[in-house]
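Undergrad: Dropping in target10.tsv, which is TSV, C-alpha atoms:
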```
chain	number	residue	atom	x	y	z
A	1	MET	CA	141.15	183.46	-124.61
A	2	LEU	CA	139.06	183.55	-121.50
A	3	ALA	CA	140.98	184.18	-118.31
A	4	LEU	CA	139.19	182.74	-115.31
A	5	LYS	CA	138.68	185.34	-112.65
A	6	ALA	CA	139.48	184.40	-109.10
A	7	CYS	CA	136.15	184.17	-107.30
A	8	ALA	CA	135.53	186.42	-104.36
A	9	ARG	CA	134.12	184.62	-101.34
A	10	PRO	CA	130.55	183.94	-102.35
A	11	ARG	CA	127.85	185.25	-100.10
A	12	GLY	CA	124.35	184.14	-99.25
A	13	LEU	CA	122.31	182.58	-101.97
A	14	ALA	CA	125.06	183.24	-104.45
A	15	ALA	CA	127.14	180.81	-102.45
A	16	LEU	CA	124.63	178.05	-103.00
A	17	VAL	CA	124.18	178.54	-106.66
A	18	SER	CA	127.67	179.61	-107.67
A	19	ARG	CA	129.95	177.18	-109.36
A	20	CYS	CA	133.06	178.67	-107.90
A	21	ARG	CA	136.26	176.75	-108.41
A	22	ARG	CA	137.10	176.17	-104.75
A	23	GLY	CA	133.80	174.57	-103.83
A	24	TYR	CA	130.26	174.44	-105.04
A	25	SER	CA	126.94	172.94	-104.07
A	26	LEU	CA	125.15	170.40	-106.24
A	27	ASP	CA	121.74	171.80	-105.64
A	28	ALA	CA	120.71	175.36	-105.05
A	29	ILE	CA	117.64	174.29	-103.12
A	30	PRO	CA	117.61	171.63	-100.42
A	31	GLN	CA	115.24	168.71	-100.94
A	32	GLY	CA	112.43	169.05	-98.38
A	33	PRO	CA	108.90	167.74	-97.94
A	34	SER	CA	107.16	171.02	-98.68
A	35	GLU	CA	109.54	172.48	-101.20
A	36	ALA	CA	108.75	175.98	-102.38
A	37	GLU	CA	110.09	178.01	-105.31
A	38	SER	CA	113.41	176.98	-106.78
A	39	SER	CA	115.33	179.15	-109.13
A	40	LYS	CA	117.37	176.44	-110.86
A	41	SER	CA	114.92	173.57	-111.11
A	42	GLY	CA	111.57	174.83	-112.34
A	43	ARG	CA	109.45	172.79	-109.99
A	44	PRO	CA	105.89	174.10	-109.63
A	45	SER	CA	104.83	174.93	-106.10
A	46	SER	CA	102.10	172.54	-105.04
A	47	SER	CA	101.44	172.87	-101.33
A	48	ALA	CA	99.74	175.83	-99.68
A	49	SER	CA	102.61	176.38	-97.28
A	50	SER	CA	104.81	177.32	-100.20
A	51	LEU	CA	102.65	180.38	-100.80
A	52	GLU	CA	103.15	181.45	-97.18
A	53	GLY	CA	106.86	180.85	-97.69
A	54	ALA	CA	106.89	183.42	-100.45
A	55	SER	CA	105.82	186.15	-98.09
A	56	GLN	CA	108.67	185.38	-95.66
A	57	ASN	CA	112.30	186.26	-96.03
A	58	TRP	CA	113.05	184.97	-99.50
A	59	LEU	CA	116.48	183.72	-98.58
A	60	GLN	CA	115.19	181.81	-95.58
A	61	SER	CA	112.40	180.26	-97.59
A	62	LEU	CA	114.93	178.94	-100.03
A	63	THR	CA	117.42	177.60	-97.56
A	64	HIS	CA	115.13	176.31	-94.85
A	65	ALA	CA	112.22	173.97	-95.38
A	66	ALA	CA	109.11	173.98	-93.19
A	67	GLY	CA	110.22	170.83	-91.37
A	68	GLY	CA	113.48	170.29	-89.53
A	69	PHE	CA	116.27	171.02	-91.98
A	70	SER	CA	119.55	170.15	-90.43
A	71	GLU	CA	122.98	171.47	-91.10
A	72	GLU	CA	124.14	168.04	-92.22
A	73	LYS	CA	121.66	168.09	-95.04
A	74	TRP	CA	122.86	171.44	-96.19
A	75	ALA	CA	126.43	170.30	-95.88
A	76	SER	CA	125.71	167.24	-98.00
A	77	THR	CA	124.71	169.52	-100.84
A	78	VAL	CA	128.14	171.07	-100.84
A	79	VAL	CA	130.72	169.07	-102.72
A	80	HIS	CA	133.79	170.37	-100.99
A	81	GLY	CA	134.93	173.60	-99.44
A	82	ARG	CA	131.94	173.76	-97.12
A	83	SER	CA	133.57	176.37	-94.94
A	84	VAL	CA	134.05	178.58	-97.97
A	85	HIS	CA	130.36	179.31	-98.11
A	86	GLU	CA	128.21	181.10	-95.59
A	87	PRO	CA	126.84	178.82	-92.88
A	88	LEU	CA	123.24	177.74	-92.74
A	89	TYR	CA	121.38	180.28	-90.64
A	90	HIS	CA	118.72	178.35	-88.72
A	91	ALA	CA	115.33	179.99	-88.32
A	92	ARG	CA	114.44	181.26	-84.87
A	93	THR	CA	111.79	179.19	-83.14
A	94	HIS	CA	110.81	181.46	-80.24
A	95	ASP	CA	112.68	184.74	-80.79
A	96	ILE	CA	114.25	184.58	-77.32
A	97	PRO	CA	117.76	186.09	-77.20
A	98	VAL	CA	120.20	183.87	-75.37
A	99	ALA	CA	123.64	185.31	-76.04
A	100	THR	CA	125.47	188.09	-77.82
A	101	VAL	CA	129.10	187.88	-78.84
A	102	HIS	CA	131.17	191.02	-79.48
A	103	PHE	CA	134.35	190.69	-81.48
A	104	ARG	CA	137.01	193.39	-81.54
A	105	SER	CA	140.20	193.53	-83.51
A	106	TYR	CA	142.69	195.79	-85.21
A	107	ALA	CA	142.65	193.57	-88.30
A	108	PRO	CA	139.24	193.13	-90.03
A	109	PRO	CA	140.20	190.15	-92.24
A	110	LEU	CA	141.33	188.14	-89.19
A	111	MET	CA	138.17	189.00	-87.34
A	112	ASP	CA	135.92	188.21	-90.30
A	113	LEU	CA	137.56	184.81	-90.53
A	114	PHE	CA	136.96	184.12	-86.86
A	115	VAL	CA	133.36	185.35	-87.05
A	116	HIS	CA	132.84	183.05	-90.03
A	117	PHE	CA	134.30	180.20	-87.97
A	118	ALA	CA	132.06	181.02	-85.00
A	119	SER	CA	128.98	181.19	-87.23
A	120	HIS	CA	129.77	177.79	-88.71
A	121	ALA	CA	130.27	176.33	-85.24
A	122	ALA	CA	126.93	177.70	-84.05
A	123	SER	CA	125.21	176.45	-87.17
A	124	ALA	CA	126.62	172.96	-86.64
A	125	LEU	CA	125.23	173.01	-83.08
A	126	GLY	CA	121.85	174.13	-84.35
A	127	ILE	CA	121.91	177.54	-82.70
A	128	PRO	CA	119.89	180.17	-84.58
A	129	LEU	CA	122.29	183.02	-85.19
A	130	SER	CA	122.02	186.50	-86.59
A	131	ARG	CA	124.17	187.70	-89.47
A	132	PRO	CA	127.34	189.45	-88.24
A	133	VAL	CA	126.62	193.13	-87.61
A	134	HIS	CA	129.34	195.71	-88.16
A	135	LEU	CA	129.38	198.07	-85.19
A	136	PRO	CA	130.94	201.53	-85.69
A	137	THR	CA	134.74	201.53	-85.88
A	138	GLN	CA	136.56	203.38	-83.08
A	139	ARG	CA	139.41	205.53	-84.29
A	140	SER	CA	142.04	207.06	-81.97
A	141	LEU	CA	144.32	209.68	-83.46
A	142	TRP	CA	147.60	210.94	-82.00
A	143	THR	CA	149.54	213.84	-83.44
A	144	VAL	CA	153.11	213.87	-82.22
A	145	PRO	CA	156.15	216.06	-83.00
A	146	ARG	CA	158.65	214.24	-85.15
A	147	SER	CA	161.68	215.54	-83.27
A	148	PRO	CA	162.66	214.64	-79.68
A	149	PHE	CA	163.11	218.32	-78.86
A	150	VAL	CA	161.23	221.43	-80.11
A	151	HIS	CA	160.25	221.78	-83.81
A	152	LYS	CA	156.58	221.74	-83.05
A	153	LYS	CA	155.64	222.75	-86.57
A	154	SER	CA	156.56	219.39	-88.04
A	155	GLN	CA	154.37	216.63	-86.64
A	156	GLU	CA	153.20	213.17	-87.58
A	157	ASN	CA	149.77	211.56	-87.29
A	158	PHE	CA	149.23	208.08	-85.91
A	159	GLU	CA	145.93	206.28	-85.64
A	160	ARG	CA	144.51	203.07	-84.27
A	161	LYS	CA	141.26	201.62	-85.57
A	162	VAL	CA	139.29	199.14	-83.54
A	163	HIS	CA	136.88	197.18	-85.72
A	164	LYS	CA	133.89	195.52	-84.12
A	165	ARG	CA	131.42	192.82	-85.03
A	166	LEU	CA	128.37	191.57	-83.21
A	167	VAL	CA	126.62	188.23	-83.45
A	168	LYS	CA	123.41	187.34	-81.62
A	169	ALA	CA	122.32	183.85	-80.64
A	170	TRP	CA	118.67	182.91	-80.06
A	171	ASP	CA	116.55	180.19	-78.59
A	172	ALA	CA	119.19	177.55	-77.78
A	173	ASP	CA	119.52	175.67	-74.47
A	174	PRO	CA	122.07	176.96	-71.94
A	175	GLN	CA	124.13	173.77	-72.24
A	176	VAL	CA	124.44	174.16	-76.00
A	177	ILE	CA	125.50	177.76	-75.65
A	178	GLU	CA	128.01	176.73	-72.98
A	179	ARG	CA	129.47	174.20	-75.41
A	180	TRP	CA	129.70	176.75	-78.18
A	181	VAL	CA	131.33	179.33	-75.93
A	182	ARG	CA	133.88	176.85	-74.64
A	183	TYR	CA	134.67	175.77	-78.19
A	184	LEU	CA	135.24	179.37	-79.23
A	185	GLU	CA	137.41	180.10	-76.22
A	186	ARG	CA	139.44	177.01	-76.90
A	187	HIS	CA	140.04	177.94	-80.52
A	188	ALA	CA	140.32	181.66	-79.97
A	189	MET	CA	142.18	183.53	-82.67
A	190	PRO	CA	145.16	185.65	-81.60
A	191	GLY	CA	144.48	189.27	-82.40
A	192	VAL	CA	140.72	189.01	-81.99
A	193	GLY	CA	139.09	189.85	-78.67
A	194	MET	CA	135.78	188.33	-77.70
A	195	ARG	CA	133.16	189.37	-75.14
A	196	ILE	CA	130.17	187.15	-74.53
A	197	VAL	CA	126.98	188.20	-72.78
A	198	ARG	CA	124.62	185.40	-71.88
A	199	TRP	CA	121.10	185.27	-70.54
A	200	GLU	CA	119.55	182.34	-68.77
A	201	ARG	CA	115.91	182.00	-67.82
A	202	ALA	CA	114.92	181.11	-64.27
A	203	PRO	CA	111.42	180.05	-63.18
A	204	VAL	CA	109.09	182.46	-61.43
A	205	GLY	CA	109.66	182.60	-57.64
A	206	ILE	CA	113.41	181.93	-57.90
A	207	GLY	CA	114.35	184.90	-55.71
A	208	GLU	CA	112.18	183.73	-52.85
A	209	LYS	CA	113.60	180.22	-53.05
A	210	VAL	CA	117.21	181.42	-53.04
A	211	LEU	CA	116.57	183.68	-50.05
A	212	LYS	CA	114.86	180.91	-48.13
A	213	ASN	CA	117.74	178.51	-48.73
A	214	ALA	CA	120.27	181.07	-47.58
A	215	VAL	CA	118.37	181.93	-44.41
A	216	GLU	CA	117.81	178.29	-43.57
A	217	GLY	CA	121.48	177.56	-44.05
A	218	MET	CA	122.42	180.27	-41.55
A	219	ARG	CA	120.03	179.27	-38.76
A	220	VAL	CA	121.53	177.05	-36.06
A	221	SER	CA	119.11	174.18	-35.81
A	222	ASP	CA	121.00	171.84	-33.51
A	223	LYS	CA	122.86	173.21	-30.48
A	224	HIS	CA	124.55	169.90	-29.72
A	225	LYS	CA	125.83	169.61	-33.25
A	226	MET	CA	127.26	173.10	-32.95
A	227	GLN	CA	128.99	172.23	-29.68
A	228	ALA	CA	130.45	169.07	-31.17
A	229	LEU	CA	131.68	171.05	-34.15
A	230	GLY	CA	133.26	173.61	-31.82
A	231	GLU	CA	135.12	170.91	-29.92
A	232	GLN	CA	136.25	169.36	-33.16
A	233	ILE	CA	137.67	172.70	-34.27
A	234	VAL	CA	139.51	173.15	-30.95
A	235	LYS	CA	140.94	169.64	-31.27
A	236	ASN	CA	142.14	170.33	-34.80
A	237	GLU	CA	143.74	173.60	-33.75
A	238	LEU	CA	145.60	172.01	-30.87
A	239	ALA	CA	146.72	169.09	-33.04
A	240	SER	CA	148.07	171.47	-35.65
A	241	GLN	CA	150.02	173.33	-32.96
A	242	GLY	CA	151.63	170.05	-31.92
A	243	THR	CA	150.27	169.91	-28.37
A	244	GLU	CA	148.62	166.86	-26.89
A	245	VAL	CA	144.89	166.60	-27.24
A	246	VAL	CA	143.22	167.03	-23.85
A	247	GLN	CA	140.08	165.02	-23.30
A	248	THR	CA	137.27	167.37	-22.39
A	249	PRO	CA	135.27	166.24	-19.35
A	250	THR	CA	131.90	167.07	-20.90
A	251	SER	CA	131.38	165.95	-24.48
A	252	ALA	CA	128.09	166.43	-26.21
A	253	SER	CA	128.19	163.37	-28.38
A	254	SER	CA	128.53	160.08	-26.56
T	1	MET	CA	169.46	201.99	-64.71
T	2	PRO	CA	166.42	204.30	-64.65
T	3	ASN	CA	166.50	208.07	-64.23
T	4	ALA	CA	167.00	209.68	-60.81
T	5	ARG	CA	163.59	211.27	-61.26
T	6	VAL	CA	162.08	207.89	-62.08
T	7	LEU	CA	163.53	206.45	-58.88
T	8	ARG	CA	162.06	209.31	-56.88
T	9	ASP	CA	158.69	208.68	-58.51
T	10	ILE	CA	158.89	204.97	-57.64
T	11	LYS	CA	159.68	205.88	-54.04
T	12	ALA	CA	156.73	208.25	-53.97
T	13	ARG	CA	154.37	205.60	-55.33
T	14	GLN	CA	155.46	203.08	-52.73
T	15	GLY	CA	155.16	205.64	-49.93
T	16	VAL	CA	151.68	206.64	-51.04
T	17	LEU	CA	150.61	203.01	-51.16
T	18	GLN	CA	151.78	202.34	-47.61
T	19	ASN	CA	150.45	205.53	-46.03
T	20	GLU	CA	147.23	206.20	-47.89
T	21	LEU	CA	144.97	204.84	-45.18
T	22	LEU	CA	146.66	206.82	-42.41
T	23	ARG	CA	146.67	210.02	-44.41
T	24	ARG	CA	143.01	209.66	-45.29
T	25	ALA	CA	142.09	209.09	-41.66
T	26	TYR	CA	143.98	212.16	-40.47
T	27	LEU	CA	142.55	214.23	-43.27
T	28	TYR	CA	139.04	213.17	-42.39
T	29	VAL	CA	139.51	214.22	-38.78
T	30	ALA	CA	141.14	217.50	-39.79
T	31	ARG	CA	138.26	218.36	-42.11
T	32	ASP	CA	135.44	217.16	-39.88
T	33	GLN	CA	133.24	220.12	-38.82
T	34	ARG	CA	131.76	218.26	-35.86
T	35	GLN	CA	135.14	217.78	-34.09
T	36	PRO	CA	136.44	220.37	-31.58
T	37	PRO	CA	139.00	222.72	-33.15
T	38	GLN	CA	141.86	221.42	-30.98
T	39	VAL	CA	141.42	217.89	-32.29
T	40	ARG	CA	141.25	219.13	-35.85
T	41	HIS	CA	144.37	221.22	-35.38
T	42	GLN	CA	146.27	218.27	-33.94
T	43	ALA	CA	145.20	216.07	-36.83
T	44	GLN	CA	146.41	218.70	-39.32
T	45	LEU	CA	149.78	218.97	-37.52
T	46	GLN	CA	150.16	215.21	-37.68
T	47	LEU	CA	149.37	215.35	-41.37
T	48	ASN	CA	152.13	217.90	-41.86
T	49	THR	CA	154.71	215.56	-40.33
T	50	PHE	CA	154.35	213.08	-43.22
T	51	GLY	CA	157.19	213.26	-45.70
T	52	LYS	CA	156.84	214.30	-49.31
T	53	TYR	CA	157.11	210.72	-50.56
T	54	THR	CA	153.74	209.95	-48.96
T	55	ARG	CA	151.84	212.67	-50.77
T	56	PRO	CA	149.82	211.56	-53.77
T	57	THR	CA	150.57	214.85	-55.53
T	58	THR	CA	154.23	213.79	-55.79
T	59	VAL	CA	153.30	210.94	-58.09
T	60	LYS	CA	153.77	211.78	-61.76
T	61	ASN	CA	153.57	209.61	-64.85
T	62	ARG	CA	156.95	209.20	-66.47
T	63	CYS	CA	158.05	207.67	-69.74
T	64	ILE	CA	158.94	204.03	-69.11
T	65	GLU	CA	161.65	204.13	-71.78
T	66	SER	CA	163.35	207.48	-71.38
T	67	GLY	CA	162.05	208.79	-68.03
T	68	ARG	CA	160.76	212.03	-69.56
T	69	GLY	CA	158.25	213.85	-67.36
T	70	ARG	CA	156.39	215.78	-70.05
T	71	GLY	CA	154.42	214.75	-73.09
T	72	ILE	CA	153.38	211.37	-71.64
T	73	MET	CA	150.55	209.40	-73.21
T	74	SER	CA	149.06	207.38	-70.38
T	75	GLU	CA	147.63	204.73	-72.71
T	76	PHE	CA	151.16	203.61	-73.59
T	77	GLY	CA	153.18	205.00	-70.67
T	78	LEU	CA	155.53	206.57	-73.21
T	79	CYS	CA	156.62	210.08	-74.02
T	80	ARG	CA	155.70	211.42	-77.45
T	81	PHE	CA	159.06	210.76	-79.10
T	82	GLN	CA	159.37	207.19	-77.79
T	83	PHE	CA	155.79	206.60	-78.88
T	84	ARG	CA	156.72	207.74	-82.39
T	85	LEU	CA	159.82	205.55	-82.51
T	86	LYS	CA	157.97	202.45	-81.38
T	87	ALA	CA	154.98	203.12	-83.60
T	88	LEU	CA	157.19	203.43	-86.67
T	89	ASN	CA	158.94	200.21	-85.68
T	90	GLY	CA	155.62	198.39	-85.38
T	91	GLU	CA	156.01	197.65	-81.69
T	92	LEU	CA	152.66	199.17	-80.71
T	93	PRO	CA	149.77	196.87	-81.67
T	94	GLY	CA	147.24	198.38	-84.04
T	95	VAL	CA	149.00	201.77	-84.30
T	96	ARG	CA	149.84	202.88	-87.82
T	97	LYS	CA	150.62	206.04	-89.69
T	98	ALA	CA	147.39	207.92	-90.29
T	99	SER	CA	146.55	209.19	-93.70
T	100	TRP	CA	143.17	210.36	-94.85
```
Here is the file; what I need is its structure written in the form of structure tokens.

TA:
Amino acid sequence: MLALKACARPRGLAALVSRCRRGYSLDAIPQGPSEAESSKSGRPSSSASSLEGASQNWLQSLTHAAGGFSEEKWASTVVHGRSVHEPLYHARTHDIPVATVHFRSYAPPLMDLFVHFASHAASALGIPLSRPVHLPTQRSLWTVPRSPFVHKKSQENFERKVHKRLVKAWDADPQVIERWVRYLERHAMPGVGMRIVRWERAPVGIGEKVLKNAVEGMRVSDKHKMQALGEQIVKNELASQGTEVVQTPTSASS
Amino acid sequence: MPNARVLRDIKARQGVLQNELLRRAYLYVARDQRQPPQVRHQAQLQLNTFGKYTRPTTVKNRCIESGRGRGIMSEFGLCRFQFRLKALNGELPGVRKASW
């Protein structure tokens, strides 16, 4: 009598090919124009690009065709339980880092769930993301006497472990990253802290332009305008104090 | 009702907050090598007239639960026994009994 084992959360390629009870994908390999090697369906590789694909990351070559392979297509291969599997990790187009997200928590399962959620969100927005990296765990230890008074020889150890994960985003536009960040902040998980570092690219000569604008803003170009503004301010002050507004004999503006 | 010592500490903290600028100014004058000695001496005398509840050395971390002055862990603001009680109760986030 075969007892069905409860499947652990499938990872990577195993997720695509596994026929786990909670959710499974129809096809291990997505249907693309220049389809390379496929483990399940023994389709012979025809195009030349497939040979180049073999030299790349084998996982990427299986999950990402040469053309634009969208997340919807990948999702359509999954029957149900799409969020059970790993998200589609888009290939980087220009290798330009745009954001890094640090997650910190006392509870690793909670944090892993949230990181999984964040990765799926980024994948749906088309942001190339790195796999979650496990940074070293910080451990604080406190040794404290058990008794409120004396008895130093009997003590108790307490610890606190801070688990960390890191996820890097590449290549996406600032608006897309802004969307993703706002989505994450809106659906933040209690018990998981998040720190986001973002980089935006500015054109060459930006510093000069900013300085010029600032200096130009400070310079008083029109003396009459300044005088009029000064009188306006005086009028406002007097009005707020409740006194009658006195007509000045000389007014700059007619 | 907090401890008498805790009340004194609160008073000290408030006094320090209000007088820090003045104290620093007087101290600067009293320690300035370029000033004539009479001025420096006067500044030091003025500094001596401040009460003890304006001195930053009077401020001491105390346990926020029991008011104990010793064995305080500044990360929690608790003395070691209160820390242990709360940790065993689960009131301190992330803190658990260590075993390795």

Undergrad: Got a sec: who's within 12 Å of Lys52 in chain T, counting only C-alpha atoms, leaving out chain neighbours fewer than 2 positions off, as a ChimeraX atom specification?

TA: /T:8-9,11-16,19,47-50,54-59

Undergrad: Those same residues - C-alpha atoms - I'd like them written as a PDB file, in the coordinates of the input.

TA:
```pdb
ATOM      1  CA  ARG T   8     162.060 209.310 -56.880  1.00  0.00           C
ATOM      2  CA  ASP T   9     158.690 208.680 -58.510  1.00  0.00           C
ATOM      3  CA  LYS T  11     159.680 205.880 -54.040  1.00  0.00           C
ATOM      4  CA  ALA T  12     156.730 208.250 -53.970  1.00  0.00           C
ATOM      5  CA  ARG T  13     154.370 205.600 -55.330  1.00  0.00           C
ATOM      6  CA  GLN T  14     155.460 203.080 -52.730  1.00  0.00           C
ATOM      7  CA  GLY T  15     155.160 205.640 -49.930  1.00  0.00           C
ATOM      8  CA  VAL T  16     151.680 206.640 -51.040  1.00  0.00           C
ATOM      9  CA  ASN T  19     150.450 205.530 -46.030  1.00  0.00           C
ATOM     10  CA  LEU T  47     149.370 215.350 -41.370  1.00  0.00           C
ATOM     11  CA  ASN T  48     152.130 217.900 -41.860  1.00  0.00           C
ATOM     12  CA  THR T  49     154.710 215.560 -40.330  1.00  0.00           C
ATOM     13  CA  PHE T  50     154.350 213.080 -43.220  1.00  0.00           C
ATOM     14  CA  THR T  54     153.740 209.950 -48.960  1.00  0.00           C
ATOM     15  CA  ARG T  55     151.840 212.670 -50.770  1.00  0.00           C
ATOM     16  CA  PRO T  56     149.820 211.560 -53.770  1.00  0.00           C
ATOM     17  CA  THR T  57     150.570 214.850 -55.530  1.00  0.00           C
ATOM     18  CA  THR T  58     154.230 213.790 -55.790  1.00  0.00           C
ATOM     19  CA  VAL T  59     153.300 210.940 -58.090  1.00  0.00           C
TER      20      VAL T  59
END
```

Undergrad: Which residues, written as an mmCIF file with C-alpha atoms, in the frame of the given file, have at least one atom at most 7 Å from His163 in chain A, with only C-alpha atoms counted and residues fewer than 5 positions away on the same chain left out?

TA:
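Listing of around20.cif after writing:
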```
data_model
loop_
_atom_site.group_PDB
_atom_site.id
_atom_site.type_symbol
_atom_site.label_atom_id
_atom_site.label_comp_id
_atom_site.auth_asym_id
_atom_site.auth_seq_id
_atom_site.Cartn_x
_atom_site.Cartn_y
_atom_site.Cartn_z
ATOM 1 C CA ARG A 104 137.010 193.390 -81.540
ATOM 2 C CA SER A 105 140.200 193.530 -83.510
ATOM 3 C CA TYR A 106 142.690 195.790 -85.210
ATOM 4 C CA PRO A 108 139.240 193.130 -90.030
ATOM 5 C CA THR A 137 134.740 201.530 -85.880
ATOM 6 C CA GLN A 138 136.560 203.380 -83.080
#
```

Undergrad: Quick one: everything within 8 Å of range 116-133 of chain A, counting only C-alpha atoms, minus sequence neighbours fewer than 4 positions away in the same chain. Send it as a ChimeraX atom specification.

TA: /A:70-72,83,86-92,112,165-172,176-177,180,184

Undergrad: I need the contact residues of chain A against chain T, so if you could list those with any atom within 12 Å, counting all atoms listed in the file, and return them as an MDAnalysis selection string, that would help.

TA: chainID A and resid 104:108 138:150 152 155:163 191:192

Undergrad: Could you please determine the separation between CA of Val115 in chain A and CA of Met194 in chain A in Å, to one decimal place?

TA: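 Spanning CA of Val115 in chain A to CA of Met194 in chain A is a straight-line distance of 10.1 Å.
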
Undergrad: I'd like the interatomic distance between CA of Glu178 in chain A and CA of Ala214 in chain A, to a tenth of an Å.

TA: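 Taking CA of Glu178 in chain A and CA of Ala214 in chain A, their separation equals 26.9 Å.
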
Undergrad: Using all atoms listed in the file, find the one residue out of A:Ala75, A:Val197, A:Ala239, A:Met189 that sits nearest to His102 in chain A.

TA: A:Val197

Undergrad: Mind giving me the straight-line distance from CA of Val78 in chain A to CA of Phe103 in chain A in Å, one decimal?

TA: 28.3 Å

Undergrad: Skipping near chain neighbours, those fewer than 2 positions away, what residues fall within 8 Å of Asn61 in chain T using only C-alpha atoms, listed as a ChimeraX atom specification?

TA: /T:59,63,69,72,74,77

Undergrad: Which residue is closest to Val84 in chain A? Choose from A:Arg182, A:Met218, A:Leu211, A:Leu113 and count all atoms listed in the file.

TA: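 Among A:Arg182, A:Met218, A:Leu211, A:Leu113, it is A:Leu113 that comes nearest to Val84 in chain A.
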